[in-house]
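Structure data (CSV, C-alpha atoms) from final_2.csv:
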```csv
chain,number,residue,atom,x,y,z
A,1,MET,CA,124.0,218.7,-42.1
A,2,SER,CA,121.3,216.7,-43.8
A,3,ASN,CA,121.2,214.0,-41.1
A,4,THR,CA,118.4,215.2,-38.7
A,5,PRO,CA,119.4,213.4,-35.5
A,6,ALA,CA,123.1,214.4,-35.9
A,7,ARG,CA,122.0,218.0,-36.6
A,8,LEU,CA,119.8,218.0,-33.5
A,9,LEU,CA,122.7,216.8,-31.3
A,10,ARG,CA,124.9,219.5,-32.8
A,11,LEU,CA,122.3,222.2,-32.2
A,12,LEU,CA,121.9,221.0,-28.6
A,13,SER,CA,125.6,221.1,-28.1
A,14,LEU,CA,125.8,224.7,-29.4
A,15,LEU,CA,122.8,225.7,-27.2
A,16,GLN,CA,124.6,224.4,-24.1
A,17,THR,CA,127.1,227.3,-24.4
A,18,PRO,CA,125.8,230.0,-22.0
A,19,ARG,CA,124.9,232.7,-24.5
A,20,GLU,CA,122.1,233.8,-26.9
A,21,TRP,CA,122.4,232.3,-30.3
A,22,PRO,CA,120.9,234.3,-33.2
A,23,GLY,CA,119.0,232.1,-35.6
A,24,SER,CA,121.1,233.2,-38.5
A,25,GLU,CA,124.3,232.2,-36.7
A,26,LEU,CA,122.9,228.8,-35.8
A,27,ALA,CA,121.8,228.3,-39.4
A,28,GLU,CA,125.3,229.1,-40.6
A,29,ARG,CA,126.9,226.8,-38.1
A,30,LEU,CA,124.6,223.9,-39.1
A,31,GLY,CA,124.6,224.6,-42.8
A,32,VAL,CA,120.8,224.9,-43.0
A,33,THR,CA,118.2,227.7,-43.3
A,34,PRO,CA,116.8,229.7,-40.4
A,35,ARG,CA,113.5,228.0,-41.0
A,36,THR,CA,115.1,224.6,-40.4
A,37,VAL,CA,116.6,226.0,-37.2
A,38,ARG,CA,113.2,227.0,-36.0
A,39,ARG,CA,111.8,223.5,-36.8
A,40,ASP,CA,114.7,221.9,-35.0
A,41,VAL,CA,114.2,224.1,-31.9
A,42,ASP,CA,110.5,223.0,-31.9
A,43,ARG,CA,111.7,219.3,-32.0
A,44,LEU,CA,114.0,219.9,-29.0
A,45,ARG,CA,111.1,221.4,-27.1
A,46,GLU,CA,109.0,218.4,-27.9
A,47,LEU,CA,111.7,216.2,-26.4
A,48,GLY,CA,111.6,218.2,-23.2
A,49,TYR,CA,114.6,220.6,-23.6
A,50,PRO,CA,113.7,224.1,-22.4
A,51,VAL,CA,114.8,226.3,-25.3
A,52,HIS,CA,113.9,230.0,-24.8
A,53,ALA,CA,113.5,232.3,-27.8
A,54,SER,CA,113.8,236.1,-27.4
A,55,LEU,CA,112.7,238.6,-30.1
A,56,GLY,CA,114.5,241.7,-31.4
A,57,ALA,CA,117.9,242.6,-32.9
A,58,GLN,CA,119.6,241.2,-29.8
A,59,GLY,CA,117.4,238.1,-29.5
A,60,GLY,CA,118.1,234.5,-30.2
A,61,TYR,CA,117.9,231.0,-28.7
A,62,ARG,CA,119.3,229.7,-25.4
A,63,LEU,CA,118.7,226.8,-23.0
A,64,VAL,CA,117.0,227.7,-19.7
A,65,ALA,CA,118.5,226.2,-16.6
A,66,GLY,CA,116.2,223.9,-14.7
A,67,LYS,CA,115.3,220.3,-13.9
A,68,ALA,CA,115.0,219.5,-17.6
A,69,MET,CA,118.5,220.5,-18.5
A,70,PRO,CA,120.0,218.0,-21.0
A,71,PRO,CA,122.8,215.6,-20.2
A,72,LEU,CA,126.4,216.5,-21.1
A,73,LEU,CA,127.0,216.5,-24.8
A,74,LEU,CA,130.5,216.8,-26.2
A,75,ASP,CA,131.9,216.4,-29.7
A,76,ASP,CA,135.2,214.8,-30.4
A,77,GLU,CA,137.3,217.9,-30.0
A,78,GLU,CA,135.6,219.0,-26.8
A,79,ALA,CA,136.0,215.6,-25.2
A,80,VAL,CA,139.7,215.4,-26.0
A,81,ALA,CA,140.2,219.0,-24.8
A,82,ILE,CA,138.6,218.3,-21.4
A,83,ALA,CA,140.6,215.1,-21.0
A,84,VAL,CA,143.9,216.9,-21.8
A,85,GLY,CA,142.9,219.7,-19.5
A,86,LEU,CA,142.2,217.3,-16.6
A,87,GLN,CA,145.4,215.4,-17.1
A,88,SER,CA,147.3,218.7,-17.1
A,89,ALA,CA,145.5,219.9,-14.1
A,90,ALA,CA,146.5,216.8,-12.2
A,91,ARG,CA,150.1,218.1,-12.3
A,92,GLN,CA,149.3,221.6,-11.0
A,93,PRO,CA,150.5,222.6,-7.6
A,94,VAL,CA,147.0,223.0,-6.1
A,95,ALA,CA,146.2,221.0,-3.0
A,96,GLY,CA,143.9,218.1,-3.8
A,97,ILE,CA,143.7,218.9,-7.5
A,98,ALA,CA,145.4,215.7,-8.7
A,99,GLU,CA,142.9,213.4,-7.1
A,100,ALA,CA,139.9,215.6,-8.0
A,101,SER,CA,141.1,215.7,-11.7
A,102,LEU,CA,141.4,211.9,-11.9
A,103,ARG,CA,138.0,211.4,-10.3
A,104,ALA,CA,136.5,213.9,-12.8
A,105,LEU,CA,138.2,212.2,-15.7
A,106,ALA,CA,136.9,208.8,-14.6
A,107,LYS,CA,133.3,210.2,-14.4
A,108,LEU,CA,133.7,211.8,-17.9
A,109,GLN,CA,134.6,208.5,-19.5
A,110,GLN,CA,131.6,206.9,-17.9
A,111,VAL,CA,129.1,209.4,-19.4
A,112,LEU,CA,130.6,209.7,-22.8
A,113,PRO,CA,129.4,207.6,-25.8
A,114,PRO,CA,131.5,204.4,-26.2
A,115,ARG,CA,133.5,205.8,-29.2
A,116,LEU,CA,134.5,209.0,-27.4
A,117,GLY,CA,135.1,207.1,-24.2
A,118,ARG,CA,137.6,204.9,-26.0
A,119,HIS,CA,139.4,208.0,-27.5
A,120,VAL,CA,139.7,209.5,-24.1
A,121,GLY,CA,140.9,206.3,-22.5
A,122,THR,CA,143.4,205.7,-25.2
A,123,LEU,CA,144.8,209.2,-24.8
A,124,GLY,CA,145.2,208.7,-21.1
A,125,ALA,CA,146.9,205.3,-21.5
A,126,ALA,CA,149.3,206.6,-24.1
A,127,THR,CA,150.3,209.7,-22.2
A,128,VAL,CA,153.1,209.8,-19.7
A,129,SER,CA,153.7,213.0,-17.7
A,130,SER,CA,157.3,213.7,-16.8
A,131,PRO,CA,158.0,214.4,-13.1
A,132,ALA,CA,158.0,218.2,-12.3
A,133,PRO,CA,159.9,219.9,-9.6
A,134,ALA,CA,158.1,220.1,-6.3
A,135,VAL,CA,156.7,223.5,-5.3
A,136,SER,CA,154.5,224.8,-2.4
A,137,LEU,CA,150.9,223.8,-2.8
A,138,VAL,CA,148.3,226.4,-3.5
A,139,ASP,CA,145.1,226.4,-1.4
A,140,PRO,CA,142.2,226.0,-3.9
A,141,MET,CA,139.9,228.1,-1.8
A,142,GLN,CA,142.3,231.0,-2.1
A,143,LEU,CA,142.1,230.6,-5.9
A,144,VAL,CA,138.3,230.7,-5.7
A,145,VAL,CA,138.2,233.8,-3.6
A,146,LEU,CA,140.7,235.6,-5.8
A,147,ALA,CA,139.1,234.6,-9.1
A,148,ALA,CA,135.6,235.6,-7.9
A,149,ALA,CA,137.0,239.0,-6.7
A,150,ALA,CA,138.7,239.6,-10.1
A,151,SER,CA,135.5,238.8,-11.9
A,152,ALA,CA,133.3,241.0,-9.7
A,153,HIS,CA,135.9,243.8,-9.3
A,154,GLU,CA,135.9,243.5,-5.6
A,155,ARG,CA,138.6,244.4,-3.1
A,156,VAL,CA,140.3,241.6,-1.2
A,157,ARG,CA,142.3,241.6,2.0
A,158,PHE,CA,144.8,238.8,2.8
A,159,ASP,CA,147.9,237.9,4.8
A,160,TYR,CA,151.0,237.7,2.6
A,161,ARG,CA,154.2,235.9,3.5
A,162,ASP,CA,157.3,237.2,1.7
A,163,GLY,CA,160.5,235.3,0.8
A,164,ASP,CA,162.0,236.0,4.2
A,165,GLY,CA,158.9,234.6,6.0
A,166,ALA,CA,157.7,238.0,7.2
A,167,VAL,CA,153.9,238.4,7.0
A,168,SER,CA,152.0,241.6,6.1
A,169,GLN,CA,148.4,242.3,5.5
A,170,ARG,CA,147.5,243.5,2.0
A,171,LEU,CA,144.5,245.3,0.5
A,172,VAL,CA,144.3,244.7,-3.2
A,173,GLU,CA,142.0,244.7,-6.3
A,174,PRO,CA,142.6,241.4,-8.1
A,175,HIS,CA,142.8,241.6,-11.9
A,176,ARG,CA,143.8,238.2,-13.2
A,177,LEU,CA,145.3,234.8,-12.1
A,178,VAL,CA,148.3,233.8,-14.1
A,179,VAL,CA,150.2,230.5,-14.2
A,180,VAL,CA,153.9,230.6,-15.1
A,181,GLY,CA,155.8,227.4,-15.0
A,182,ARG,CA,154.3,225.6,-12.0
A,183,ARG,CA,153.5,228.7,-9.9
A,184,TRP,CA,150.3,230.7,-9.6
A,185,TYR,CA,150.3,234.4,-9.4
A,186,VAL,CA,147.6,237.0,-8.9
A,187,VAL,CA,148.1,240.3,-10.6
A,188,ALA,CA,146.4,243.0,-8.5
A,189,TYR,CA,146.4,246.7,-7.8
A,190,ASP,CA,147.8,247.3,-4.3
A,191,ASN,CA,145.6,250.0,-2.6
A,192,GLU,CA,148.1,250.8,0.1
A,193,ARG,CA,151.1,251.0,-2.2
A,194,THR,CA,149.1,252.6,-5.0
A,195,ASP,CA,150.7,250.5,-7.7
A,196,TRP,CA,150.3,247.2,-9.5
A,197,ARG,CA,151.8,244.1,-7.9
A,198,MET,CA,152.0,240.4,-8.5
A,199,PHE,CA,151.7,238.0,-5.6
A,200,ARG,CA,152.5,234.3,-5.4
A,201,VAL,CA,149.3,232.5,-4.5
A,202,GLU,CA,150.9,229.9,-2.3
A,203,ARG,CA,152.1,232.7,0.0
A,204,ILE,CA,148.6,234.1,0.4
A,205,GLU,CA,146.5,233.1,3.5
A,206,ASN,CA,143.1,234.2,4.8
A,207,ALA,CA,142.0,235.9,1.5
A,208,ARG,CA,138.5,237.4,1.9
A,209,THR,CA,136.5,240.0,0.1
A,210,ILE,CA,135.5,243.1,2.1
A,211,GLY,CA,132.3,243.9,0.2
A,212,VAL,CA,133.7,246.9,-1.8
A,213,ARG,CA,133.3,246.9,-5.5
A,214,VAL,CA,135.4,249.3,-7.6
A,215,PRO,CA,135.6,250.3,-11.3
A,216,PRO,CA,138.1,248.1,-13.2
A,217,ARG,CA,141.6,249.7,-13.6
A,218,GLU,CA,143.8,249.7,-16.7
A,219,LEU,CA,146.8,247.3,-16.4
A,220,PRO,CA,150.1,248.9,-17.4
A,221,ALA,CA,150.9,246.0,-19.8
A,222,ASP,CA,149.5,244.3,-22.8
A,223,ASP,CA,148.0,241.6,-20.6
A,224,ALA,CA,148.4,240.0,-17.2
A,225,SER,CA,150.7,237.3,-18.5
A,226,ALA,CA,153.0,239.8,-20.0
A,227,PHE,CA,153.0,241.8,-16.8
A,228,VAL,CA,154.1,238.7,-14.7
A,229,THR,CA,156.7,237.7,-17.2
A,230,ASN,CA,158.2,241.3,-17.3
A,231,GLN,CA,158.1,241.4,-13.5
A,232,LEU,CA,159.9,238.1,-13.1
A,233,TYR,CA,162.5,239.0,-15.7
A,234,SER,CA,163.1,242.4,-14.1
A,235,LEU,CA,163.7,240.8,-10.7
A,236,ALA,CA,166.5,238.6,-12.0
A,237,PRO,CA,169.8,240.3,-13.1
A,238,VAL,CA,170.8,239.5,-16.7
A,239,PHE,CA,174.3,238.9,-18.2
A,240,ARG,CA,175.9,238.3,-21.6
A,241,ALA,CA,178.1,235.2,-21.7
A,242,VAL,CA,181.3,234.7,-23.7
A,243,ALA,CA,182.4,231.2,-24.1
A,244,THR,CA,184.5,229.0,-26.4
A,245,LEU,CA,182.6,225.9,-27.6
A,246,ALA,CA,184.2,222.7,-28.8
A,247,LEU,CA,181.8,222.7,-31.8
A,248,PRO,CA,181.9,224.0,-35.3
A,249,ALA,CA,179.9,227.2,-35.6
A,250,GLU,CA,177.3,225.6,-37.9
A,251,GLN,CA,176.6,222.8,-35.4
A,252,ALA,CA,176.5,225.3,-32.5
A,253,ALA,CA,173.9,227.4,-34.3
A,254,VAL,CA,171.7,224.4,-34.8
A,255,ARG,CA,171.9,223.2,-31.2
A,256,LEU,CA,171.4,226.7,-29.8
A,257,GLY,CA,168.3,227.3,-32.0
A,258,ASP,CA,166.4,230.5,-31.8
A,259,HIS,CA,168.1,233.5,-30.3
A,260,ALA,CA,171.5,231.9,-30.6
A,261,GLY,CA,173.4,235.1,-30.2
A,262,GLU,CA,176.7,235.7,-32.0
A,263,LEU,CA,178.9,232.8,-33.2
A,264,GLU,CA,182.5,233.4,-34.4
A,265,PRO,CA,184.3,230.4,-36.0
A,266,LEU,CA,187.7,229.9,-34.5
A,267,ASP,CA,188.7,226.8,-36.5
A,268,ASP,CA,187.0,223.7,-38.0
A,269,THR,CA,186.1,222.3,-34.6
A,270,SER,CA,185.4,225.3,-32.3
A,271,CYS,CA,183.8,228.7,-32.1
A,272,ARG,CA,183.3,231.7,-29.8
A,273,TRP,CA,179.8,232.2,-28.5
A,274,ARG,CA,178.5,235.6,-27.3
A,275,SER,CA,175.1,235.0,-25.9
A,276,PRO,CA,172.1,237.3,-25.8
A,277,GLU,CA,171.5,238.8,-22.4
A,278,ASP,CA,169.8,236.4,-20.0
A,279,THR,CA,169.8,235.1,-16.4
A,280,ILE,CA,172.7,233.1,-15.0
A,281,ASP,CA,170.5,230.0,-14.6
A,282,TRP,CA,169.4,230.0,-18.2
A,283,LEU,CA,172.8,230.6,-19.6
A,284,ALA,CA,174.2,227.7,-17.6
A,285,PHE,CA,171.3,225.5,-18.7
A,286,ARG,CA,171.9,226.4,-22.4
A,287,LEU,CA,175.6,225.6,-22.1
A,288,ALA,CA,175.0,222.3,-20.4
A,289,LEU,CA,172.5,221.2,-23.1
A,290,LEU,CA,175.0,221.7,-25.9
A,291,GLY,CA,176.6,218.3,-25.4
A,292,CYS,CA,180.1,219.5,-25.9
A,293,ASP,CA,183.1,220.8,-24.0
A,294,PHE,CA,183.2,224.6,-23.4
A,295,THR,CA,185.2,227.2,-21.6
A,296,VAL,CA,183.4,230.3,-20.1
A,297,HIS,CA,185.4,233.5,-20.2
A,298,GLU,CA,182.8,235.8,-18.8
A,299,PRO,CA,180.9,236.9,-16.8
A,300,PRO,CA,182.6,235.8,-13.5
A,301,GLU,CA,179.1,235.2,-12.0
A,302,LEU,CA,178.5,232.5,-14.6
A,303,VAL,CA,181.9,230.9,-14.0
A,304,GLU,CA,181.2,230.7,-10.2
A,305,HIS,CA,177.6,229.4,-10.8
A,306,LEU,CA,179.0,226.6,-12.9
A,307,ARG,CA,181.6,225.7,-10.3
A,308,ARG,CA,178.9,225.5,-7.6
A,309,LEU,CA,176.7,223.4,-9.9
A,310,GLY,CA,179.6,221.1,-10.7
A,311,ARG,CA,180.3,220.6,-7.0
A,312,ARG,CA,176.7,219.8,-6.4
A,313,ILE,CA,176.5,217.3,-9.2
A,314,THR,CA,179.7,215.6,-8.0
A,315,ARG,CA,178.3,215.2,-4.5
A,316,ALA,CA,175.1,213.8,-6.0
A,317,VAL,CA,176.9,211.1,-8.0
A,318,ALA,CA,179.6,210.4,-5.4
A,319,PRO,CA,178.0,210.4,-1.9
A,320,GLY,CA,180.3,211.2,1.0
A,321,THR,CA,182.7,213.3,-1.0
A,322,SER,CA,183.1,217.0,-0.4
```
Using structure tokens, write down the structure that the file contains.
Amino acid sequence: MSNTPARLLRLLSLLQTPREWPGSELAERLGVTPRTVRRDVDRLRELGYPVHASLGAQGGYRLVAGKAMPPLLLDDEEAVAIAVGLQSAARQPVAGIAEASLRALAKLQQVLPPRLGRHVGTLGAATVSSPAPAVSLVDPMQLVVLAAAASAHERVRFDYRDGDGAVSQRLVEPHRLVVVGRRWYVVAYDNERTDWRMFRVERIENARTIGVRVPPRELPADDASAFVTNQLYSLAPVFRAVATLALPAEQAAVRLGDHAGELEPLDDTSCRWRSPEDTIDWLAFRLALLGCDFTVHEPPELVEHLRRLGRRITRAVAPGTS
């Protein structure tokens, strides 16, 4: 970067990341020599930015928090990422988050340079969010307590309401917060049940740390997201569907996409579909999206589910009928 003002802004943007930056890494990022980095750091100090330098193999440069901290500096990708994140956050089932996200987005546009502000504004004006199904709202303070406990490896006690409405008190060691669909879960080690559990955050009340820190435990999964996904899948029974589709096998394969299962041509206009194992809801959803007539042969649970769904849809489009 031969342009000195642009290089200084880029350097300042990197230094805003809360970490130590070795001079060699800064030089590589900026495409200059370490000596140029040292001169640029001196220029930032002259402008009033508190850049601290530490010596040694683990040393480097970092900004010191204080009254002279610089204003918010974002490059194009960072500004767009924050705007997209705020727009997505507005649709999360967290109490008050929609209004707070929109306020933050408006403030962001006011402090950005005009060019980036136009980019963010254009992105917002051109983006339409599809309505999402309503779910119970999550208390943001419960999220804060759980996240802080997970970071500090602290035990937490809270009241938990199960699906039947019964409330029990739990003592856990939070590991991670995970968002699946529009629900928030906390993956935690349950001390009283001596096993890993996942809890829906909207069912948690009165979460509070108890002042006990513990060594981190090893989660019995690749990561917290995989743990939640596996748990959710294991809680729902799975079935293998067999259905006749009023579609040629080639077209059915295209419409079913990945993990289509087995397709057996019956004639030029129909085929037999044997699905992979999955939940009743998902099997019914896949069949409904095919856009063709079909006959389900098995399992009987899927047949009954489609009958109930059909009656529900009929009542919706023809009010007053049974």
| request: Would you mind listing what lies within 9 Å of A:Arg170 as a list in words, with only C-alpha atoms counted and same-chain residues fewer than 6 positions away left out? | output: Val156, Arg157, Phe158, Asp159, Tyr160, Asp190, Asn191 and Glu192 of chain A
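For the pair atom CA of A:Arg155 and atom CA of A:Ile204, the interatomic distance is 14.8 Å.
Residue nearest A:Asn206 within the list A:Arg274, A:Arg161, A:Arg176, A:Arg308: A:Arg161 [criterion: smallest interatomic distance, only C-alpha atoms].
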Residues within 9 Å of stretch 242-258 of chain A, please, as a compact mmCIF listing (two decimals) with C-alpha atoms, keeping the file's coordinate frame. Count only C-alpha atoms; anything in the same chain fewer than 4 positions from it doesn't count.
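Dumped everything to out.txt:
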```
# COMPACT_ATOMS: atom_id res chain seq x y z
CA LEU A 263 178.90 232.80 -33.20
CA GLU A 264 182.50 233.40 -34.40
CA PRO A 265 184.30 230.40 -36.00
CA LEU A 266 187.70 229.90 -34.50
CA ASP A 267 188.70 226.80 -36.50
CA ASP A 268 187.00 223.70 -38.00
CA THR A 269 186.10 222.30 -34.60
CA SER A 270 185.40 225.30 -32.30
CA CYS A 271 183.80 228.70 -32.10
CA ARG A 272 183.30 231.70 -29.80
CA TRP A 273 179.80 232.20 -28.50
CA ARG A 274 178.50 235.60 -27.30
CA SER A 275 175.10 235.00 -25.90
CA ARG A 286 171.90 226.40 -22.40
CA LEU A 287 175.60 225.60 -22.10
CA LEU A 289 172.50 221.20 -23.10
CA LEU A 290 175.00 221.70 -25.90
CA GLY A 291 176.60 218.30 -25.40
CA CYS A 292 180.10 219.50 -25.90
CA ASP A 293 183.10 220.80 -24.00
CA PHE A 294 183.20 224.60 -23.40
CA THR A 295 185.20 227.20 -21.60
CA VAL A 296 183.40 230.30 -20.10
CA HIS A 297 185.40 233.50 -20.20
CA GLU A 298 182.80 235.80 -18.80
CA PRO A 299 180.90 236.90 -16.80
```
| request: Considering only C-alpha atoms, return as number ranges by chain whatever protein or nucleic-acid residues lie within 9 Å of A:Val80, sequence-local ones (same chain, fewer than 6 positions apart) excluded. | output: A: 116, 119-120, 123
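Between atom CA of A:Tyr233 and atom CA of A:Arg183 the separation is 14.9 Å.
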| In Å, with one decimal, what is the gap from atom CA of A:Ser88 to atom CA of A:Ala150? | 23.7 Å
| request: Could you tell me which of A:Ala98, A:Ala6, A:Leu26, A:Ala316 comes closest to A:Pro140 if we count only C-alpha atoms? | output: A:Ala98
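Among the candidates A:Gln142, A:Gln92, A:Ser101, A:Ser151, the residue lying nearest to A:Val180 is A:Gln92 (atoms considered: only C-alpha atoms).
Closest to A:Arg43 among A:Leu12, A:Gly60, A:Ser24, A:Asp222 is A:Leu12, based on only C-alpha atoms.
The protein and nucleic acid residues lying at most 12 Å from A:Thr194 are Arg170, Leu171, Val172, Glu173, Ala188, Tyr189, Asp190 and Arg217 of chain A, with only C-alpha atoms considered and sequence neighbours fewer than 4 positions away removed.
Closest approach to A:Trp184 from the set A:Gly211, A:Arg197, A:Pro93, A:Met141 is made by A:Pro93, with distances taken over all atoms listed in the file.
Restricting the calculation to only C-alpha atoms, the smallest distance between A:Leu232 and any of A:Tyr185, A:Glu77, A:Ala89, A:Pro220 is found for A:Tyr185.
Around the coordinate (133.2, 214.1, -22.3), residues that reach within 9 Å when counting all atoms listed in the file are Leu72, Leu73, Leu74, Asp75, Asp76, Glu78, Ala79, Val80, Ala81, Ile82, Ala83, Leu105, Lys107, Leu108, Gln109, Gln110, Val111, Leu112, Pro113, Leu116, Gly117 and Val120 of chain A.
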Write the residues of the preceding selection, restricted to C-alpha atoms, as a PDB file, in the coordinates of the input.
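Once written, result18.pdb looks like this:
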```
ATOM      1  CA  LEU A  72     126.400 216.500 -21.100  1.00  0.00           C
ATOM      2  CA  LEU A  73     127.000 216.500 -24.800  1.00  0.00           C
ATOM      3  CA  LEU A  74     130.500 216.800 -26.200  1.00  0.00           C
ATOM      4  CA  ASP A  75     131.900 216.400 -29.700  1.00  0.00           C
ATOM      5  CA  ASP A  76     135.200 214.800 -30.400  1.00  0.00           C
ATOM      6  CA  GLU A  78     135.600 219.000 -26.800  1.00  0.00           C
ATOM      7  CA  ALA A  79     136.000 215.600 -25.200  1.00  0.00           C
ATOM      8  CA  VAL A  80     139.700 215.400 -26.000  1.00  0.00           C
ATOM      9  CA  ALA A  81     140.200 219.000 -24.800  1.00  0.00           C
ATOM     10  CA  ILE A  82     138.600 218.300 -21.400  1.00  0.00           C
ATOM     11  CA  ALA A  83     140.600 215.100 -21.000  1.00  0.00           C
ATOM     12  CA  LEU A 105     138.200 212.200 -15.700  1.00  0.00           C
ATOM     13  CA  LYS A 107     133.300 210.200 -14.400  1.00  0.00           C
ATOM     14  CA  LEU A 108     133.700 211.800 -17.900  1.00  0.00           C
ATOM     15  CA  GLN A 109     134.600 208.500 -19.500  1.00  0.00           C
ATOM     16  CA  GLN A 110     131.600 206.900 -17.900  1.00  0.00           C
ATOM     17  CA  VAL A 111     129.100 209.400 -19.400  1.00  0.00           C
ATOM     18  CA  LEU A 112     130.600 209.700 -22.800  1.00  0.00           C
ATOM     19  CA  PRO A 113     129.400 207.600 -25.800  1.00  0.00           C
ATOM     20  CA  LEU A 116     134.500 209.000 -27.400  1.00  0.00           C
ATOM     21  CA  GLY A 117     135.100 207.100 -24.200  1.00  0.00           C
ATOM     22  CA  VAL A 120     139.700 209.500 -24.100  1.00  0.00           C
TER      23      VAL A 120
END
```
| message | Residues proximal to (144.0, 235.9, -14.5) were defined as those with any atom within 8 Å of that point in the file's coordinates, counting only C-alpha atoms. Which are they, as JSON, numbers by chain? | response | {"A": [147, 150, 175, 176, 177, 178, 186, 187, 224, 225]}
